[in-house]
Each structure stands twice: as C-alpha cells, then as structure tokens.
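As provided, run.cif (mmCIF, C-alpha atoms and all ligand atoms) reads as follows.
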data_work
#
loop_
_atom_site.label_atom_id
_atom_site.label_comp_id
_atom_site.auth_asym_id
_atom_site.auth_seq_id
_atom_site.Cartn_x
_atom_site.Cartn_y
_atom_site.Cartn_z
CA MET A 1 -6.32 -5.74 19.18
CA GLY A 2 -7.94 -2.56 20.52
CA MET A 3 -6.23 -0.42 17.89
CA SER A 4 -8.58 1.79 15.94
CA VAL A 5 -6.65 1.98 12.71
CA THR A 6 -8.92 2.65 9.74
CA ILE A 7 -8.21 2.09 6.05
CA SER A 8 -9.53 4.59 3.50
CA VAL A 9 -8.85 6.10 0.09
CA ALA A 10 -6.06 8.69 0.24
CA THR A 11 -6.95 12.32 -0.46
CA GLU A 12 -4.79 15.13 -1.84
CA GLN A 13 -4.26 16.35 1.73
CA ASP A 14 -2.57 13.04 2.62
CA ALA A 15 0.21 13.30 0.03
CA GLU A 16 2.69 15.01 2.31
CA GLN A 17 2.16 12.55 5.16
CA ILE A 18 2.50 9.60 2.73
CA PHE A 19 5.72 11.14 1.39
CA ARG A 20 7.20 11.44 4.88
CA LEU A 21 5.95 8.04 6.01
CA GLN A 22 7.44 6.17 3.06
CA TYR A 23 10.77 7.95 3.62
CA LEU A 24 10.75 6.67 7.20
CA CYS A 25 9.47 3.15 6.48
CA PHE A 26 11.83 2.32 3.62
CA GLN A 27 14.97 3.18 5.62
CA SER A 28 15.08 -0.46 6.76
CA GLU A 29 14.99 -1.69 3.15
CA ALA A 30 17.71 0.80 2.18
CA ALA A 31 19.87 -0.45 5.04
CA LEU A 32 19.27 -4.08 4.06
CA TYR A 33 20.60 -3.44 0.56
CA GLY A 34 23.10 -0.70 1.45
CA ASN A 35 21.32 1.45 -1.12
CA TYR A 36 19.74 4.78 -0.21
CA ARG A 37 18.69 5.54 -3.79
CA ILE A 38 15.77 3.10 -3.87
CA ASP A 39 12.66 4.53 -5.45
CA PRO A 40 10.56 5.18 -2.29
CA LEU A 41 13.45 7.25 -0.85
CA ILE A 42 14.09 9.41 -3.90
CA GLN A 43 10.51 9.94 -5.04
CA SER A 44 9.55 13.63 -4.96
CA LEU A 45 6.53 15.04 -3.13
CA ASP A 46 5.09 16.15 -6.49
CA SER A 47 5.34 12.61 -7.80
CA VAL A 48 3.53 11.30 -4.71
CA ARG A 49 0.84 13.95 -5.31
CA GLU A 50 0.44 12.77 -8.91
CA GLU A 51 0.06 9.17 -7.77
CA VAL A 52 -2.56 10.11 -5.18
CA ALA A 53 -4.52 11.89 -7.92
CA ALA A 54 -4.25 9.16 -10.58
CA ASP A 55 -3.77 5.81 -8.87
CA CYS A 56 -5.62 3.67 -6.36
CA VAL A 57 -4.00 4.91 -3.15
CA PHE A 58 -5.06 3.84 0.33
CA VAL A 59 -3.95 5.03 3.72
CA ALA A 60 -4.17 3.57 7.20
CA ARG A 61 -5.02 6.21 9.80
CA LEU A 62 -4.69 6.36 13.54
CA GLY A 63 -6.63 9.50 14.42
CA GLU A 64 -5.25 12.24 12.18
CA GLU A 65 -1.98 10.46 11.57
CA VAL A 66 -1.28 8.50 8.39
CA VAL A 67 0.43 5.32 9.62
CA GLY A 68 0.36 3.22 6.48
CA SER A 69 -0.05 3.42 2.74
CA VAL A 70 -0.18 1.43 -0.50
CA ARG A 71 -0.71 2.25 -4.18
CA GLY A 72 -1.86 0.34 -7.21
CA ARG A 73 -2.53 0.98 -10.87
CA VAL A 74 -3.69 -1.14 -13.77
CA THR A 75 -0.98 -1.64 -16.40
CA GLU A 76 -1.35 -2.22 -20.14
CA ASP A 77 -1.58 -6.00 -19.86
CA GLY A 78 -4.56 -5.81 -17.46
CA ALA A 79 -2.52 -6.71 -14.39
CA ALA A 80 -2.58 -4.29 -11.48
CA SER A 81 0.79 -3.27 -10.20
CA ILE A 82 0.78 -2.76 -6.42
CA GLY A 83 3.62 -1.02 -4.64
CA LYS A 84 5.07 1.13 -1.88
CA LEU A 85 3.25 -0.78 0.80
CA CYS A 86 4.43 0.62 4.11
CA VAL A 87 3.40 0.76 7.75
CA HIS A 88 4.91 2.96 10.45
CA PRO A 89 7.64 0.95 12.24
CA ARG A 90 5.94 1.31 15.65
CA LEU A 91 2.74 -0.29 14.30
CA GLN A 92 4.14 -3.12 12.20
CA GLY A 93 3.14 -6.72 12.92
CA HIS A 94 -0.53 -6.04 13.67
CA GLY A 95 -1.99 -6.93 10.28
CA ILE A 96 -2.23 -3.36 8.95
CA GLY A 97 -0.03 -4.18 5.94
CA ALA A 98 -2.28 -7.10 5.01
CA ARG A 99 -5.39 -4.93 5.42
CA LEU A 100 -3.97 -2.23 3.14
CA LEU A 101 -3.10 -4.83 0.53
CA ARG A 102 -6.63 -6.27 0.65
CA ALA A 103 -8.19 -2.82 0.28
CA ALA A 104 -6.04 -2.01 -2.76
CA GLU A 105 -6.78 -5.38 -4.37
CA ALA A 106 -10.54 -4.97 -3.88
CA ALA A 107 -10.59 -1.44 -5.33
CA LEU A 108 -8.41 -2.42 -8.28
CA VAL A 109 -10.88 -5.16 -9.19
CA GLU A 110 -14.10 -3.27 -8.50
CA GLU A 111 -13.14 0.14 -9.88
CA ARG A 112 -10.49 -0.62 -12.47
CA GLY A 113 -11.23 -4.13 -13.66
CA ALA A 114 -7.90 -5.70 -12.66
CA LYS A 115 -7.56 -9.36 -13.63
CA ARG A 116 -4.29 -10.07 -11.85
CA PHE A 117 -2.15 -8.39 -9.23
CA ARG A 118 1.60 -7.96 -9.52
CA LEU A 119 4.09 -6.74 -6.97
CA GLN A 120 7.80 -6.83 -6.34
CA ALA A 121 9.94 -7.41 -3.28
CA GLY A 122 13.68 -7.16 -2.81
CA HIS A 123 15.24 -10.62 -3.03
CA ARG A 124 16.49 -10.52 0.58
CA SER A 125 13.30 -9.06 2.12
CA GLU A 126 12.14 -12.26 3.80
CA GLY A 127 9.34 -10.71 5.86
CA ASN A 128 7.82 -9.00 2.83
CA LEU A 129 8.01 -12.16 0.73
CA ARG A 130 6.38 -14.13 3.57
CA LEU A 131 3.52 -11.64 3.79
CA TYR A 132 2.86 -11.73 0.05
CA ARG A 133 3.00 -15.53 -0.16
CA ARG A 134 0.65 -15.85 2.81
CA VAL A 135 -2.01 -13.85 0.96
CA GLY A 136 -1.67 -15.91 -2.20
CA TYR A 137 1.11 -14.39 -4.31
CA GLU A 138 3.53 -16.65 -6.17
CA THR A 139 6.90 -15.88 -7.70
CA VAL A 140 6.71 -15.43 -11.46
CA GLY A 141 10.16 -14.01 -12.18
CA THR A 142 12.86 -11.53 -11.26
CA SER A 143 13.71 -8.01 -12.31
CA GLN A 144 16.29 -5.34 -11.64
CA GLY A 145 15.26 -1.74 -11.04
CA ASP A 146 17.19 1.42 -11.87
CA ASP A 147 18.68 1.27 -8.38
CA GLY A 148 20.29 -2.13 -9.12
CA VAL A 149 18.53 -4.07 -6.35
CA PRO A 150 17.48 -7.54 -7.62
CA MET A 151 13.74 -7.92 -7.17
CA ILE A 152 11.41 -10.90 -7.05
CA VAL A 153 8.21 -10.44 -9.06
CA LEU A 154 5.09 -12.03 -7.58
CA GLU A 155 1.58 -12.36 -8.95
CA LYS A 156 -1.82 -13.72 -8.09
CA PRO A 157 -5.07 -13.82 -10.03
CA ALA A 158 -7.87 -11.52 -8.92
CA GLY A 159 -10.23 -13.94 -7.24
CA VAL A 160 -11.79 -14.83 -3.93
CA TYR A 161 -9.15 -12.95 -1.90
CA ALA A 162 -10.03 -9.66 -3.55
CA THR A 163 -13.80 -9.52 -3.27
CA THR A 164 -14.00 -7.90 0.16
CA ALA A 165 -12.11 -4.92 1.50
C1 LIG B 1 6.02 -4.68 4.71
C2 LIG B 1 5.17 -3.93 5.73
C3 LIG B 1 4.30 -2.94 5.01
C4 LIG B 1 4.27 -4.95 6.45
O1 LIG B 1 3.37 -4.24 7.29
P1 LIG B 1 2.77 -4.90 8.62
O2 LIG B 1 1.63 -4.07 9.04
O3 LIG B 1 3.84 -5.14 9.59
O4 LIG B 1 2.24 -6.29 8.00
P2 LIG B 1 1.37 -7.38 8.76
O5 LIG B 1 1.24 -7.02 10.18
O6 LIG B 1 0.13 -7.58 7.96
O7 LIG B 1 2.27 -8.68 8.63
C5 LIG B 1 3.58 -8.68 9.20
C6 LIG B 1 3.73 -9.76 10.25
O8 LIG B 1 2.86 -9.53 11.34
C7 LIG B 1 2.12 -10.71 11.64
N1 LIG B 1 0.80 -10.33 12.15
C8 LIG B 1 -0.25 -9.89 11.43
N2 LIG B 1 -1.30 -9.65 12.25
C9 LIG B 1 -0.89 -9.91 13.49
C10 LIG B 1 -1.49 -9.81 14.77
N3 LIG B 1 -2.76 -9.40 14.91
N4 LIG B 1 -0.75 -10.13 15.85
C11 LIG B 1 0.53 -10.54 15.71
N5 LIG B 1 1.17 -10.65 14.53
C12 LIG B 1 0.46 -10.34 13.44
C13 LIG B 1 2.02 -11.39 10.33
O9 LIG B 1 1.77 -12.77 10.48
C14 LIG B 1 3.39 -11.12 9.76
O10 LIG B 1 4.31 -12.02 10.35
P3 LIG B 1 5.56 -12.60 9.58
O11 LIG B 1 6.47 -11.44 9.29
O12 LIG B 1 6.15 -13.57 10.51
O13 LIG B 1 5.04 -13.22 8.30
C15 LIG B 1 6.05 -3.20 6.79
O14 LIG B 1 6.89 -4.14 7.39
C16 LIG B 1 6.91 -2.07 6.21
O15 LIG B 1 6.47 -0.93 6.11
N6 LIG B 1 8.18 -2.39 5.83
C17 LIG B 1 9.09 -1.41 5.28
C18 LIG B 1 8.73 -1.04 3.86
C19 LIG B 1 8.68 -2.25 2.96
O16 LIG B 1 9.60 -3.07 2.94
N7 LIG B 1 7.60 -2.40 2.17
C20 LIG B 1 7.37 -3.51 1.27
C21 LIG B 1 8.11 -3.34 0.01
S1 LIG B 1 7.99 -4.80 -1.01
#
Show me, as structure tokens, the structure contained in the file I just sent.
Ligand SMILES: CC(C)(COP(=O)(O)OP(=O)(O)OC[C@H]1O[C@@H](n2cnc3c(N)ncnc32)[C@H](O)[C@@H]1OP(=O)(O)O)[C@@H](O)C(=O)NCCC(=O)NCCS
Amino acid sequence: MGMSVTISVATEQDAEQIFRLQYLCFQSEAALYGNYRIDPLIQSLDSVREEVAADCVFVARLGEEVVGSVRGRVTEDGAASIGKLCVHPRLQGHGIGARLLRAAEAALVEERGAKRFRLQAGHRSEGNLRLYRRVGYETVGTSQGDDGVPMIVLEKPAGVYATTA
C-alpha cells in the first residue's frame, strides 16, 4: 500500500487528537441517523482522557498525526467491550480499521484476560456491520442507547483471531 501508518498504544498526549478525530469521524454516523447527540459526538475531552488512562486505547498514526483510534475494556462478565473505532475519512478503506480492531483484541486478551469481545453498531451502518462480520463477529442481540439509536450487538470468542497484533 506504501502507507506508513503505525498502530500503537495511545498516550496521555494523544487524548486531544483522539477527541477531535472522533468528532470528525462520527459525523457520518450522526448524519445517517439524523442524530447529533450520539455518544462519540458529545463525549467530553476529560472523559476521553480518563479512557486513555484506564482502558486499552490504540491509535493509528501517520507521522505525528493521529488518524485512527479504538478503545476496549473488560466488563464484569469477562467480555471485552470494544468501541469508538474510527479512521480519518481520507484514509478509510485501507485496512486501518481492521488493524486497530486486531490490536485492541490482542491486548485485551494478553493484558486483561478477555474471554470474548463485544461491540455494537448502528442498525443501518452496513459498512461497519460488514467489517465486524468479516473478522468473525456474530449478532447476539440488539440494544438502544441513551441517544435512541437502535444498535446491533455483536460478539466473538477470543481465539485464533486475537493472538497476533
Ligand atoms: C468504521 C471505520 C473505522 C472503518 O475503518 P477503515 O479503516 O475504513 O476499515 P477497513 O479499511 O479495515 O475496512 C473498510 C473497507 O475497506 C476494505 N479494505 C480493507 N483493506 C483494503 C485495502 N488494502 N484495499 C482496498 N480496500 C480495503 C475492506 O474490505 C472494507 O470494505 P467493505 O466496506 O466493502 O467491507 C471507518 O469507516 C470510520 O471511522 N467510520 C466512522 C465511524 C464509525 O462508524 N465507527 C464504527 C462505529 S460501530
């Protein structure tokens, strides 16, 4: 591909770039649902900072620029919840989203003992659902967030897919 995008653990210094990037990336989802109050758009910078400190957060970098991000945390039932996967619109469709997802899955297993992965996608977000199914996720149910957007819940067991970053 010739693109030198690297994936690494996010540091405190990345929080502001992640905050701005997610605001940009999730505009398309907001437009799709006609809802500009979805979580990635209303999350505060302080809350992003807290997640970077506590959760498994990865960034994709092109030089100094953060061009992608994902977060994950292990929940009470042992499943890791993965979310806010985003890639800068100008760099989408080159596999960076899939690489971020793989990095988060591997770290969640190796560092936090995750047994399963869980994520959610808006019910009309065909591209996102396609990406998740391609890497092994299956629909396990539906949910509705505070913002009212119906979501599809997908899961996969931590297994062969997650052993390499
Ligand atoms: C969802 C998102 C993170 C995906 O990131 P991405 O980097 O584009 O993801 P990938 O490149 O791994 O996969 C996307 C597509 O590119 C294709 N692709 C991957 N590598 C490729 C390559 N080297 N050459 C050409 N196409 C490629 C994939 O097959 C996939 O195609 P599909 O949509 O037909 O299934 C990105 O679209 C985004 O930020 N969206 C807005 C925020 C959002 O909705 N986040 C998810 C919330 S659930």
**Q.** Length of the CA of Glu111 (chain A) to CA of Arg61 (chain A) vector [Å]
**A.** 22.1 Å
Q) Given a cut-off of 6 Å, what residues near ligand LIG 1 (chain B) show up using all atoms listed in the file, put as a PyMOL selection string? A) chain A and resi 25-26+29+84-87+92-98+120-121+127-128+130-131
Restricted to C-alpha atoms, what would the selected residues look like written as an mmCIF file, keeping the file's coordinate frame?
data_model
loop_
_atom_site.group_PDB
_atom_site.id
_atom_site.type_symbol
_atom_site.label_atom_id
_atom_site.label_comp_id
_atom_site.auth_asym_id
_atom_site.auth_seq_id
_atom_site.Cartn_x
_atom_site.Cartn_y
_atom_site.Cartn_z
ATOM 1 C CA CYS A 25 9.470 3.150 6.480
ATOM 2 C CA PHE A 26 11.830 2.320 3.620
ATOM 3 C CA GLU A 29 14.990 -1.690 3.150
ATOM 4 C CA LYS A 84 5.070 1.130 -1.880
ATOM 5 C CA LEU A 85 3.250 -0.780 0.800
ATOM 6 C CA CYS A 86 4.430 0.620 4.110
ATOM 7 C CA VAL A 87 3.400 0.760 7.750
ATOM 8 C CA GLN A 92 4.140 -3.120 12.200
ATOM 9 C CA GLY A 93 3.140 -6.720 12.920
ATOM 10 C CA HIS A 94 -0.530 -6.040 13.670
ATOM 11 C CA GLY A 95 -1.990 -6.930 10.280
ATOM 12 C CA ILE A 96 -2.230 -3.360 8.950
ATOM 13 C CA GLY A 97 -0.030 -4.180 5.940
ATOM 14 C CA ALA A 98 -2.280 -7.100 5.010
ATOM 15 C CA GLN A 120 7.800 -6.830 -6.340
ATOM 16 C CA ALA A 121 9.940 -7.410 -3.280
ATOM 17 C CA GLY A 127 9.340 -10.710 5.860
ATOM 18 C CA ASN A 128 7.820 -9.000 2.830
ATOM 19 C CA ARG A 130 6.380 -14.130 3.570
ATOM 20 C CA LEU A 131 3.520 -11.640 3.790
#
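Minimum atom-to-atom distances from A:Asp39, A:Glu155, A:Glu105, A:Glu50 to Gly72 (chain A) were compared using all atoms listed in the file, and the lowest value belongs to A:Glu105.
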Q.
I'd like to know which of A:Ala107, A:Val66, A:Val9, A:Ala114 is closest to Gln22 (chain A), using all atoms listed in the file.
A. A:Val66
Q: Could you give me, as an MDAnalysis selection string, the residues within 7 Å of Arg71 (chain A), counting all atoms listed in the file and dropping anything in the same chain fewer than 3 positions from it?
A: chainID A and resid 55:58 82:84 104
Q: For Pro150 (chain A), list every protein, DNA or RNA residue within 9 Å, evaluated using only C-alpha atoms, and leave out those in the same chain fewer than 3 positions away; present the list as JSON, numbers by chain.
A: {"A": [121, 122, 123, 124, 142, 143, 144, 145, 147]}
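Residue nearest Glu51 (chain A), chosen from A:Val70, A:Leu21, A:Leu119, A:Ala158 and counting only C-alpha atoms: A:Val70.
Residue nearest Ala15 (chain A) within the list A:Leu91, A:Val74, A:Ala79, A:Val59: A:Val59 [criterion: smallest interatomic distance, only C-alpha atoms].
Taking CA of His88 (chain A) and CA of Tyr137 (chain A) as endpoints, the distance between them is 23.1 Å.
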(Q) Measuring between all atoms listed in the file, which one of A:Gly148, A:Pro40, A:Gly159, A:Gly34 shows the shortest distance to Leu108 (chain A)? (A) A:Gly159
